[in-house]
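Shown below: input.tsv, with TSV, C-alpha atoms and all ligand atoms.
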```tsv
chain	number	residue	atom	x	y	z
R	1	MET	CA	-41.95	-307.09	95.00
R	2	LYS	CA	-39.44	-304.27	95.54
R	3	THR	CA	-41.16	-300.90	95.94
R	4	LYS	CA	-39.86	-298.10	93.80
R	5	PRO	CA	-38.32	-295.10	95.58
R	6	PRO	CA	-40.38	-291.91	95.63
R	7	ILE	CA	-39.90	-289.34	92.88
R	8	TYR	CA	-40.08	-285.73	93.98
R	9	VAL	CA	-41.09	-282.77	91.83
R	10	THR	CA	-37.57	-281.48	92.07
R	11	MET	CA	-34.18	-282.19	93.61
R	12	PRO	CA	-31.36	-279.68	93.97
R	13	SER	CA	-28.42	-279.76	91.56
R	14	LEU	CA	-25.46	-280.47	93.83
R	15	PRO	CA	-21.71	-280.56	93.19
R	16	PRO	CA	-19.54	-283.37	94.58
R	17	LEU	CA	-19.22	-282.63	98.31
R	18	ALA	CA	-15.41	-282.56	98.09
R	19	GLU	CA	-15.55	-279.68	95.57
R	20	TYR	CA	-17.78	-277.68	97.86
R	21	MET	CA	-15.54	-278.38	100.87
R	22	GLU	CA	-12.46	-277.32	98.91
R	23	ILE	CA	-14.00	-273.88	98.30
R	24	LEU	CA	-15.05	-273.65	101.95
R	25	LYS	CA	-11.41	-273.91	103.07
R	26	GLY	CA	-11.10	-270.18	102.29
R	27	PRO	CA	-13.72	-268.90	104.77
R	28	TRP	CA	-12.65	-271.54	107.33
R	29	ALA	CA	-9.09	-270.20	107.23
R	30	SER	CA	-9.99	-266.51	107.17
R	31	GLY	CA	-13.02	-266.53	109.46
R	32	VAL	CA	-14.87	-264.38	106.91
R	33	LEU	CA	-18.35	-265.84	106.63
R	34	THR	CA	-20.30	-262.83	105.39
R	35	HIS	CA	-20.18	-259.05	104.76
R	36	HIS	CA	-19.60	-259.22	101.02
R	37	GLY	CA	-16.59	-261.49	101.36
R	38	PRO	CA	-14.29	-262.76	98.59
R	39	LEU	CA	-16.53	-265.67	97.57
R	40	VAL	CA	-19.63	-263.50	97.15
R	41	GLN	CA	-17.55	-261.05	95.12
R	42	ARG	CA	-16.19	-263.91	92.99
R	43	LEU	CA	-19.66	-265.34	92.45
R	44	GLU	CA	-20.97	-261.93	91.35
R	45	ARG	CA	-18.04	-261.53	88.93
R	46	GLU	CA	-18.40	-265.01	87.47
R	47	LEU	CA	-22.16	-264.70	87.04
R	48	GLN	CA	-21.72	-261.32	85.35
R	49	GLU	CA	-19.18	-262.85	82.97
R	50	ILE	CA	-21.15	-265.98	82.16
R	51	LEU	CA	-24.42	-264.12	81.66
R	52	GLY	CA	-22.90	-261.00	80.06
R	53	LEU	CA	-24.27	-258.65	82.73
R	54	GLU	CA	-22.98	-255.32	83.98
R	55	HIS	CA	-24.56	-255.02	87.43
R	56	LEU	CA	-25.44	-258.12	89.43
R	57	VAL	CA	-25.96	-257.75	93.18
R	58	ALA	CA	-26.13	-261.04	95.11
R	59	VAL	CA	-28.66	-261.15	97.96
R	60	THR	CA	-30.20	-263.54	100.50
R	61	ASN	CA	-33.06	-264.81	98.33
R	62	GLY	CA	-35.35	-263.96	95.42
R	63	THR	CA	-38.03	-262.43	97.63
R	64	VAL	CA	-35.57	-259.96	99.14
R	65	ALA	CA	-34.31	-259.22	95.61
R	66	LEU	CA	-37.83	-258.04	94.68
R	67	GLN	CA	-38.20	-256.04	97.90
R	68	LEU	CA	-34.85	-254.31	97.36
R	69	ALA	CA	-35.79	-253.58	93.73
R	70	ILE	CA	-39.06	-251.94	94.81
R	71	ARG	CA	-37.19	-249.79	97.36
R	72	ALA	CA	-34.24	-248.91	95.13
R	73	LEU	CA	-36.56	-247.64	92.41
R	74	GLY	CA	-38.69	-245.59	94.80
R	75	VAL	CA	-41.85	-247.47	93.84
R	76	GLU	CA	-45.00	-246.43	95.74
R	77	GLY	CA	-48.75	-246.86	95.53
R	78	GLU	CA	-50.11	-249.39	93.04
R	79	VAL	CA	-47.97	-251.97	91.29
R	80	LEU	CA	-49.45	-253.82	88.32
R	81	THR	CA	-48.67	-257.51	88.51
R	82	THR	CA	-49.78	-260.97	87.50
R	83	PRO	CA	-52.16	-263.23	89.43
R	84	PHE	CA	-50.35	-266.31	88.05
R	85	SER	CA	-47.19	-266.52	90.14
R	86	TRP	CA	-45.71	-267.69	93.40
R	87	ILE	CA	-46.98	-265.78	96.42
R	88	ALA	CA	-43.61	-263.99	96.84
R	89	THR	CA	-44.30	-261.78	93.80
R	90	CYS	CA	-47.36	-260.35	95.51
R	91	SER	CA	-46.13	-260.40	99.12
R	92	ALA	CA	-42.93	-258.52	98.19
R	93	ILE	CA	-45.10	-255.69	96.86
R	94	GLN	CA	-47.24	-255.63	99.99
R	95	TRP	CA	-44.28	-255.98	102.36
R	96	GLU	CA	-42.92	-252.78	100.84
R	97	GLY	CA	-46.18	-250.97	101.60
R	98	CYS	CA	-47.46	-250.95	98.00
R	99	GLN	CA	-50.71	-252.39	96.63
R	100	PRO	CA	-50.67	-255.15	94.03
R	101	LYS	CA	-53.18	-254.63	91.24
R	102	PHE	CA	-53.70	-257.71	89.13
R	103	VAL	CA	-53.71	-257.82	85.34
R	104	ASP	CA	-54.83	-261.11	83.78
R	105	ILE	CA	-52.51	-263.37	81.77
R	106	VAL	CA	-52.35	-264.70	78.22
R	107	PRO	CA	-53.51	-268.34	78.52
R	108	GLU	CA	-50.94	-269.68	76.07
R	109	THR	CA	-47.77	-268.00	77.41
R	110	PHE	CA	-48.88	-267.86	81.10
R	111	ASN	CA	-47.45	-264.29	81.26
R	112	ILE	CA	-49.10	-260.93	81.97
R	113	ASP	CA	-51.30	-259.74	79.10
R	114	VAL	CA	-49.74	-256.51	77.85
R	115	GLU	CA	-52.99	-255.61	76.06
R	116	LYS	CA	-54.63	-255.29	79.48
R	117	ILE	CA	-51.94	-253.27	81.25
R	118	GLU	CA	-52.88	-249.76	80.10
R	119	GLU	CA	-56.50	-250.01	81.19
R	120	ALA	CA	-55.34	-250.96	84.72
R	121	ILE	CA	-53.10	-247.89	85.16
R	122	THR	CA	-54.39	-245.18	87.51
R	123	ASP	CA	-52.80	-242.02	88.88
R	124	LYS	CA	-51.57	-244.14	91.82
R	125	THR	CA	-49.66	-246.63	89.64
R	126	SER	CA	-45.89	-246.35	89.77
R	127	ALA	CA	-44.59	-249.68	88.48
R	128	ILE	CA	-45.17	-252.90	86.59
R	129	LEU	CA	-43.87	-256.09	88.22
R	130	ALA	CA	-44.17	-258.87	85.67
R	131	VAL	CA	-43.01	-262.50	85.93
R	132	HIS	CA	-41.19	-264.53	83.26
R	133	VAL	CA	-43.24	-267.60	84.15
R	134	PHE	CA	-41.21	-270.84	84.06
R	135	SER	CA	-38.53	-268.72	82.27
R	136	ASN	CA	-40.78	-267.79	79.33
R	137	PRO	CA	-39.94	-264.15	78.47
R	138	CYS	CA	-42.72	-261.61	78.95
R	139	ASP	CA	-43.41	-259.23	76.08
R	140	VAL	CA	-40.57	-257.07	77.36
R	141	GLU	CA	-40.66	-254.59	74.46
R	142	ALA	CA	-44.37	-253.83	74.86
R	143	ILE	CA	-43.92	-253.45	78.63
R	144	ALA	CA	-41.01	-251.04	78.07
R	145	ARG	CA	-43.09	-248.97	75.64
R	146	ILE	CA	-46.03	-248.68	78.05
R	147	ALA	CA	-43.70	-247.86	80.96
R	148	ALA	CA	-41.95	-245.11	78.98
R	149	ARG	CA	-45.27	-243.62	77.84
R	150	ARG	CA	-46.83	-243.70	81.33
R	151	ASN	CA	-43.69	-242.98	83.35
R	152	LEU	CA	-43.64	-246.28	85.24
R	153	LYS	CA	-40.76	-248.35	86.61
R	154	VAL	CA	-40.38	-251.93	85.38
R	155	ILE	CA	-39.32	-254.79	87.64
R	156	PHE	CA	-39.17	-258.35	86.37
R	157	ASP	CA	-39.62	-261.25	88.72
R	158	ALA	CA	-37.03	-263.39	87.00
R	159	ALA	CA	-36.93	-266.04	89.74
R	160	HIS	CA	-37.16	-268.76	87.06
R	161	ALA	CA	-35.25	-266.98	84.32
R	162	MET	CA	-31.54	-267.72	84.78
R	163	CYS	CA	-29.62	-268.47	81.58
R	164	VAL	CA	-32.29	-267.30	79.14
R	165	ASN	CA	-31.12	-265.16	76.25
R	166	TYR	CA	-33.66	-263.00	74.55
R	167	ARG	CA	-32.86	-261.02	71.39
R	168	GLY	CA	-29.11	-261.20	71.88
R	169	ARG	CA	-28.78	-260.55	75.60
R	170	SER	CA	-29.64	-262.01	78.96
R	171	LEU	CA	-33.32	-261.80	79.82
R	172	LEU	CA	-32.20	-260.50	83.22
R	173	GLU	CA	-31.10	-257.23	81.61
R	174	TYR	CA	-34.57	-256.07	80.59
R	175	GLY	CA	-36.55	-253.65	82.74
R	176	ASP	CA	-35.09	-251.38	85.45
R	177	VAL	CA	-34.30	-254.28	87.80
R	178	SER	CA	-34.77	-258.04	87.56
R	179	GLY	CA	-34.90	-260.15	90.70
R	180	THR	CA	-33.80	-263.75	90.32
R	181	SER	CA	-33.75	-266.66	92.77
R	182	PHE	CA	-30.99	-269.15	93.58
R	183	HIS	CA	-33.25	-271.23	95.82
R	184	ALA	CA	-32.44	-274.94	96.14
R	185	THR	CA	-35.16	-275.81	93.61
R	186	LYS	CA	-33.92	-273.45	90.90
R	187	LEU	CA	-31.82	-274.18	87.81
R	188	PHE	CA	-28.81	-272.63	89.54
R	189	ASN	CA	-28.78	-272.75	93.32
R	190	THR	CA	-26.89	-271.50	96.36
R	191	GLY	CA	-29.27	-273.26	98.80
R	192	GLU	CA	-31.06	-270.00	99.53
R	193	GLY	CA	-30.02	-266.97	97.51
R	194	GLY	CA	-30.83	-264.61	94.71
R	195	ALA	CA	-29.70	-261.51	92.88
R	196	CYS	CA	-30.84	-258.17	91.59
R	197	VAL	CA	-29.74	-257.27	88.08
R	198	ALA	CA	-29.91	-253.56	87.34
R	199	THR	CA	-29.51	-251.77	84.04
R	200	ASP	CA	-28.39	-248.50	85.66
R	201	GLY	CA	-25.19	-248.13	87.70
R	202	GLU	CA	-26.71	-245.78	90.26
R	203	VAL	CA	-29.61	-248.13	90.91
R	204	ALA	CA	-27.07	-250.96	91.33
R	205	ASP	CA	-25.15	-248.86	93.87
R	206	ARG	CA	-28.35	-248.22	95.78
R	207	LEU	CA	-29.12	-251.95	95.77
R	208	ARG	CA	-25.62	-252.65	97.14
R	209	ARG	CA	-26.15	-250.11	99.93
R	210	THR	CA	-29.63	-251.19	100.87
R	211	ARG	CA	-28.74	-254.90	101.09
R	212	PHE	CA	-26.08	-253.83	103.63
R	213	PHE	CA	-28.06	-251.81	106.19
R	214	GLY	CA	-27.77	-248.67	104.02
R	215	HIS	CA	-23.95	-248.42	104.36
R	216	ASP	CA	-21.84	-246.84	101.64
R	217	GLU	CA	-18.31	-248.01	100.87
R	218	GLU	CA	-16.91	-245.92	103.74
R	219	LYS	CA	-19.35	-247.67	106.11
R	220	GLN	CA	-21.42	-244.52	106.57
R	221	VAL	CA	-25.16	-245.04	106.79
R	222	VAL	CA	-26.50	-243.03	103.87
R	223	ASP	CA	-29.78	-244.82	103.15
R	224	VAL	CA	-32.48	-246.85	104.88
R	225	GLY	CA	-31.34	-250.41	104.42
R	226	MET	CA	-31.92	-253.98	105.51
R	227	ASN	CA	-29.85	-257.13	105.81
R	228	GLY	CA	-29.97	-258.74	102.40
R	229	LYS	CA	-26.38	-259.98	102.26
R	230	MET	CA	-25.50	-263.37	100.81
R	231	THR	CA	-23.12	-265.42	103.00
R	232	GLU	CA	-19.80	-266.97	101.94
R	233	VAL	CA	-21.21	-270.43	102.69
R	234	HIS	CA	-23.99	-269.91	100.15
R	235	ALA	CA	-21.67	-268.30	97.60
R	236	ALA	CA	-19.33	-271.30	97.87
R	237	LEU	CA	-22.15	-273.64	96.89
R	238	GLY	CA	-22.96	-271.35	93.97
R	239	LEU	CA	-19.34	-271.34	92.79
R	240	ALA	CA	-19.21	-275.14	92.93
R	241	ASN	CA	-22.54	-275.38	91.08
R	242	LEU	CA	-21.46	-272.90	88.40
R	243	LYS	CA	-18.98	-275.41	87.02
R	244	ARG	CA	-21.86	-277.66	86.11
R	245	LEU	CA	-24.35	-275.11	84.86
R	246	GLU	CA	-23.97	-275.95	81.16
R	247	ASP	CA	-24.47	-279.61	81.93
R	248	VAL	CA	-27.56	-278.91	84.05
R	249	LEU	CA	-29.05	-276.83	81.23
R	250	LYS	CA	-28.53	-279.65	78.72
R	251	LYS	CA	-30.04	-282.23	81.05
R	252	ARG	CA	-33.13	-280.13	81.80
R	253	ARG	CA	-33.76	-279.61	78.09
R	254	ALA	CA	-33.37	-283.34	77.41
R	255	ILE	CA	-35.85	-284.10	80.22
R	256	TYR	CA	-38.35	-281.59	78.84
R	257	GLU	CA	-38.06	-283.06	75.35
R	258	ALA	CA	-38.48	-286.62	76.66
R	259	TYR	CA	-41.73	-285.58	78.38
R	260	ARG	CA	-42.98	-283.78	75.26
R	261	ASN	CA	-42.32	-286.90	73.17
R	262	GLY	CA	-43.84	-289.16	75.80
R	263	LEU	CA	-47.01	-287.06	76.03
R	264	ALA	CA	-47.33	-286.11	72.35
R	265	ALA	CA	-50.24	-288.45	71.73
R	266	VAL	CA	-52.20	-287.51	74.86
R	267	ASP	CA	-54.93	-285.20	73.64
R	268	TRP	CA	-56.13	-283.94	77.04
R	269	VAL	CA	-52.86	-282.21	77.87
R	270	SER	CA	-51.32	-279.08	76.39
R	271	PHE	CA	-48.15	-277.09	76.98
R	272	GLN	CA	-46.91	-273.56	77.53
R	273	LYS	CA	-46.27	-271.70	74.27
R	274	ILE	CA	-42.53	-271.09	74.18
R	275	ASP	CA	-39.70	-270.03	71.91
R	276	PRO	CA	-37.39	-273.09	72.19
R	277	GLU	CA	-34.29	-270.88	72.13
R	278	ALA	CA	-35.50	-268.47	74.84
R	279	TYR	CA	-36.38	-270.91	77.61
R	280	ASN	CA	-34.29	-272.73	80.23
R	281	TYR	CA	-36.46	-275.87	80.58
R	282	SER	CA	-36.18	-275.87	84.38
R	283	TYR	CA	-39.87	-276.77	84.86
R	284	MET	CA	-42.18	-279.27	83.19
R	285	PRO	CA	-45.61	-277.61	83.31
R	286	VAL	CA	-48.51	-279.57	81.83
R	287	VAL	CA	-52.04	-278.17	81.37
R	288	PHE	CA	-54.98	-280.59	81.61
R	289	GLU	CA	-58.28	-280.19	79.78
R	290	ASP	CA	-60.07	-279.72	83.13
R	291	GLU	CA	-59.51	-279.93	86.87
R	292	ASP	CA	-61.16	-283.37	87.16
R	293	ARG	CA	-58.64	-284.87	84.79
R	294	LEU	CA	-55.83	-283.21	86.74
R	295	ALA	CA	-57.20	-284.58	90.04
R	296	THR	CA	-57.41	-288.12	88.63
R	297	VAL	CA	-53.84	-288.03	87.32
R	298	LEU	CA	-52.52	-286.48	90.53
R	299	GLN	CA	-54.14	-289.22	92.60
R	300	LYS	CA	-52.61	-291.93	90.42
R	301	LEU	CA	-49.19	-290.30	90.67
R	302	VAL	CA	-49.42	-290.01	94.45
R	303	GLY	CA	-50.42	-293.70	94.57
R	304	GLU	CA	-47.09	-294.48	92.89
R	305	GLN	CA	-45.18	-292.12	95.21
R	306	ILE	CA	-44.60	-289.62	92.42
R	307	HIS	CA	-44.92	-286.09	93.71
R	308	ALA	CA	-45.97	-283.66	91.00
R	309	ARG	CA	-46.93	-280.17	92.16
R	310	ARG	CA	-49.86	-277.83	91.51
R	311	TYR	CA	-47.73	-274.81	90.67
R	312	PHE	CA	-49.04	-272.08	90.69
R	313	TYR	CA	-52.25	-272.83	92.52
R	314	PRO	CA	-54.42	-271.08	93.54
R	315	ALA	CA	-54.34	-267.89	91.45
R	316	LEU	CA	-53.11	-265.04	93.68
R	317	ASN	CA	-56.24	-262.91	93.16
R	318	THR	CA	-58.29	-265.63	94.89
R	319	ILE	CA	-56.24	-265.69	98.11
R	320	LYS	CA	-58.24	-263.75	100.69
R	321	ALA	CA	-55.23	-263.01	102.88
R	322	VAL	CA	-53.58	-260.95	100.15
R	323	SER	CA	-56.29	-259.45	98.00
R	324	GLU	CA	-59.89	-258.54	97.60
R	325	TYR	CA	-61.27	-260.83	94.93
R	326	VAL	CA	-61.24	-259.47	91.40
R	327	VAL	CA	-62.10	-261.91	88.64
R	328	MET	CA	-59.11	-262.98	86.51
R	329	PRO	CA	-60.60	-265.64	84.22
R	330	ASN	CA	-57.44	-266.74	82.40
R	331	ALA	CA	-55.23	-267.01	85.48
R	332	GLU	CA	-57.92	-268.82	87.47
R	333	ALA	CA	-58.63	-271.30	84.67
R	334	LEU	CA	-54.93	-272.04	84.22
R	335	ALA	CA	-54.21	-272.35	87.95
R	336	ARG	CA	-56.95	-275.00	88.25
R	337	ARG	CA	-55.58	-277.11	85.41
R	338	ILE	CA	-51.79	-276.94	85.65
R	339	LEU	CA	-49.39	-279.44	87.13
R	340	CYS	CA	-45.58	-279.34	87.20
R	341	LEU	CA	-44.19	-282.82	86.64
R	342	PRO	CA	-40.89	-283.93	88.23
R	343	SER	CA	-37.80	-282.41	86.63
R	344	TYR	CA	-34.26	-282.56	88.00
R	345	ASP	CA	-30.84	-283.53	86.72
R	346	SER	CA	-30.77	-287.13	87.87
R	347	LEU	CA	-34.30	-288.01	86.69
R	348	SER	CA	-33.88	-290.93	84.29
R	349	LEU	CA	-35.53	-291.51	80.92
R	350	GLU	CA	-37.14	-294.66	82.39
R	351	GLN	CA	-38.68	-292.63	85.20
R	352	ILE	CA	-39.97	-290.08	82.70
R	353	ALA	CA	-41.48	-292.84	80.55
R	354	ARG	CA	-43.20	-294.27	83.64
R	355	ILE	CA	-44.63	-290.84	84.58
R	356	CYS	CA	-45.84	-290.31	80.99
R	357	ARG	CA	-47.62	-293.70	81.05
R	358	ILE	CA	-49.44	-292.72	84.25
R	359	VAL	CA	-50.44	-289.28	82.86
R	360	ALA	CA	-51.65	-290.91	79.64
R	361	GLY	CA	-53.93	-293.17	81.71
P	401	LIG	C1	-42.03	-266.62	90.61
P	401	LIG	C2	-41.27	-266.57	91.88
P	401	LIG	N1	-40.99	-265.38	92.43
P	401	LIG	C3	-40.29	-265.26	93.57
P	401	LIG	C4	-39.83	-266.37	94.24
P	401	LIG	C5	-39.10	-266.20	95.54
P	401	LIG	O1	-37.77	-266.66	95.50
P	401	LIG	P1	-37.06	-267.15	96.84
P	401	LIG	O2	-37.63	-268.46	97.22
P	401	LIG	O3	-35.59	-267.23	96.45
P	401	LIG	O4	-37.29	-266.09	97.87
P	401	LIG	C6	-40.11	-267.64	93.72
P	401	LIG	C7	-39.62	-268.82	94.45
P	401	LIG	O5	-39.90	-269.94	94.21
P	401	LIG	C8	-40.84	-267.75	92.51
P	401	LIG	O6	-41.13	-268.94	91.98
```
Is it possible to express this structure as C-alpha cells?
Amino acid sequence: MKTKPPIYVTMPSLPPLAEYMEILKGPWASGVLTHHGPLVQRLERELQEILGLEHLVAVTNGTVALQLAIRALGVEGEVLTTPFSWIATCSAIQWEGCQPKFVDIVPETFNIDVEKIEEAITDKTSAILAVHVFSNPCDVEAIARIAARRNLKVIFDAAHAMCVNYRGRSLLEYGDVSGTSFHATKLFNTGEGGACVATDGEVADRLRRTRFFGHDEEKQVVDVGMNGKMTEVHAALGLANLKRLEDVLKKRRAIYEAYRNGLAAVDWVSFQKIDPEAYNYSYMPVVFEDEDRLATVLQKLVGEQIHARRYFYPALNTIKAVSEYVVMPNAEALARRILCLPSYDSLSLEQIARICRIVAG
C-alpha cells in the first residue's frame, strides 16, 4: 500500500519561483541588497495602501518589531501582558530590560482579560502589551480607556493579525504601536520579516531611526539604535506574495470552515469565540475537553504522519526561565487543551476530512 505523504501544521505561501526571480533582477543589477532599498520602500508603500495604514516600518522580524516598539515608546519597568502567547511576546519585554507582569485571559476569546488589567497596575507599570491571539482582536477600546486613565502606553503584538479589519480600519492601527510578523508560517510572509505600525508620525520616525543604528535621514547618529533593517531579498518575496494575498485569505477561510463543518458533531472539542468578519483564519485552533483527549488525538495524528502543534504550550507564566510562577488558571487550562491543526493554502478538502475523522475518533 502506498504511504501517504506527511502533513505539516503549516507550509509557507509561496509565489511561482519565476515571479520572485523577476523581482530579484533589480537588486542583482544594482547591487543594493539592504539599507532601506527600493524594494523595501515599495513593500512598505504597497502594504500601507492595501491595509489603509499611515505609518508602516518594515523590520527584520516580529520579535524585533516588539523590541523597537518598546524602545520607541520609552517603556520601562513593568509591562502587563498575557501568559497565553508565543515566547517572543515575553522575551521581547525582558530583552528590553522591562519586567513582564502577567494578566490572565478570557477562556473563550484567548485574549487578555481587560477586567483584570487595572488590579495588576502598580506605580512601576508603564505599558500594556496585549496579543491579538490567532488574529482575534483584543478588547482594544477597553484597553485604550484604561491606558488613557492610567497614563500607560499600548503595544499590540499583532504577529497573527495581518488583514483583519476591526470597526472600519485595520486592526494594526489600534494602540500606540502594533508589531506584526511576516515569518514563513504567517498569512503573509517574507521568509523572516515583520513591521511596526505606529499611529503617531514622530513615533514612526523614531522607529525608522532605531531600526537603522539610530541614524537620521542625513546619516547622523541621533538615537541609540540597532540593526532591524529588512533586506531587499526578503522584501522581494513579500512583493511577490502580495499579489496572492486575497487568494490566500479566501483559501484559509475555506479551510477553517471545512474543519468547523467536519468537527461540528464532535462534542469534546470547542473553538475560539470569534467575530467571523474580524478574523483572518490563518490558524485552526481546537480546544479539547481535557489534556488526555488531546494526547490521544495527537498520538493518532502522529501515527498517520500528521503534525498538529500544541500552540501555545506551555503557558508563559509556567516557564521557569522567564518568570516566577504566578497562577493563571485560564491560560494554564487552555494551554493544556489546545491544538492547532494543519492549515495552509494547498491543504486539500480530502486531507481536512481525513484529519477530522481522526480527531473525531
Ligand atoms: C504571538 C507572536 N508574537 C511574536 C512572534 C515573533 O515573530 P517572529 O517570528 O517574526 O520574530 C510570533 C511568532 O511566531 C508570535 O506568534
10 Å shell around ligand LIG 401 (chain P) using only C-alpha atoms and all ligand atoms, listed as an NGL selection string: :R and (59-66 or 84-92 or 130-135 or 156-161 or 179-186 or 189-195 or 311-312)
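The neighbours of range 198-206 of chain R here are the residues that come within 7 Å of it, using all atoms listed in the file and leaving out any residue fewer than 3 positions away in the same chain; they are His55, Leu56, Ala72, Glu173, Asp176, Val177, Ser178, Arg209 and Thr210 of chain R.
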Selection from above, C-alpha atoms, as a PDB file, in the frame of the given file, can you write it?
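The result, written out as again.pdb:
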```pdb
ATOM      1  CA  HIS R  55     -24.560-255.020  87.430  1.00  0.00           C
ATOM      2  CA  LEU R  56     -25.440-258.120  89.430  1.00  0.00           C
ATOM      3  CA  ALA R  72     -34.240-248.910  95.130  1.00  0.00           C
ATOM      4  CA  GLU R 173     -31.100-257.230  81.610  1.00  0.00           C
ATOM      5  CA  ASP R 176     -35.090-251.380  85.450  1.00  0.00           C
ATOM      6  CA  VAL R 177     -34.300-254.280  87.800  1.00  0.00           C
ATOM      7  CA  SER R 178     -34.770-258.040  87.560  1.00  0.00           C
ATOM      8  CA  ARG R 209     -26.150-250.110  99.930  1.00  0.00           C
ATOM      9  CA  THR R 210     -29.630-251.190 100.870  1.00  0.00           C
TER      10      THR R 210
END
```
Top pick for closest residue to Pro38 in chain R, considering R:Glu291, R:Glu232, R:Glu350, R:Glu119 and counting all atoms listed in the file: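 Residue with the minimum atom-to-atom distance to Pro38 in chain R: R:Glu232.
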Test item: residues at most 9 Å from Ile105 in chain R, only C-alpha atoms, excluding those fewer than 2 positions along its chain, as number ranges by chain: R: 82-84, 103, 107-114, 116, 328-331
Same residues, C-alpha atoms, saved as an mmCIF file, keeping the file's coordinate frame:
```cif
data_model
loop_
_atom_site.group_PDB
_atom_site.id
_atom_site.type_symbol
_atom_site.label_atom_id
_atom_site.label_comp_id
_atom_site.auth_asym_id
_atom_site.auth_seq_id
_atom_site.Cartn_x
_atom_site.Cartn_y
_atom_site.Cartn_z
ATOM 1 C CA THR R 82 -49.780 -260.970 87.500
ATOM 2 C CA PRO R 83 -52.160 -263.230 89.430
ATOM 3 C CA PHE R 84 -50.350 -266.310 88.050
ATOM 4 C CA VAL R 103 -53.710 -257.820 85.340
ATOM 5 C CA PRO R 107 -53.510 -268.340 78.520
ATOM 6 C CA GLU R 108 -50.940 -269.680 76.070
ATOM 7 C CA THR R 109 -47.770 -268.000 77.410
ATOM 8 C CA PHE R 110 -48.880 -267.860 81.100
ATOM 9 C CA ASN R 111 -47.450 -264.290 81.260
ATOM 10 C CA ILE R 112 -49.100 -260.930 81.970
ATOM 11 C CA ASP R 113 -51.300 -259.740 79.100
ATOM 12 C CA VAL R 114 -49.740 -256.510 77.850
ATOM 13 C CA LYS R 116 -54.630 -255.290 79.480
ATOM 14 C CA MET R 328 -59.110 -262.980 86.510
ATOM 15 C CA PRO R 329 -60.600 -265.640 84.220
ATOM 16 C CA ASN R 330 -57.440 -266.740 82.400
ATOM 17 C CA ALA R 331 -55.230 -267.010 85.480
#
```
Within 10 Å of range 16-33 of chain R using all atoms listed in the file, minus same-chain residues under 2 positions, as a ChimeraX atom specification: /R:14,35-40,230-241
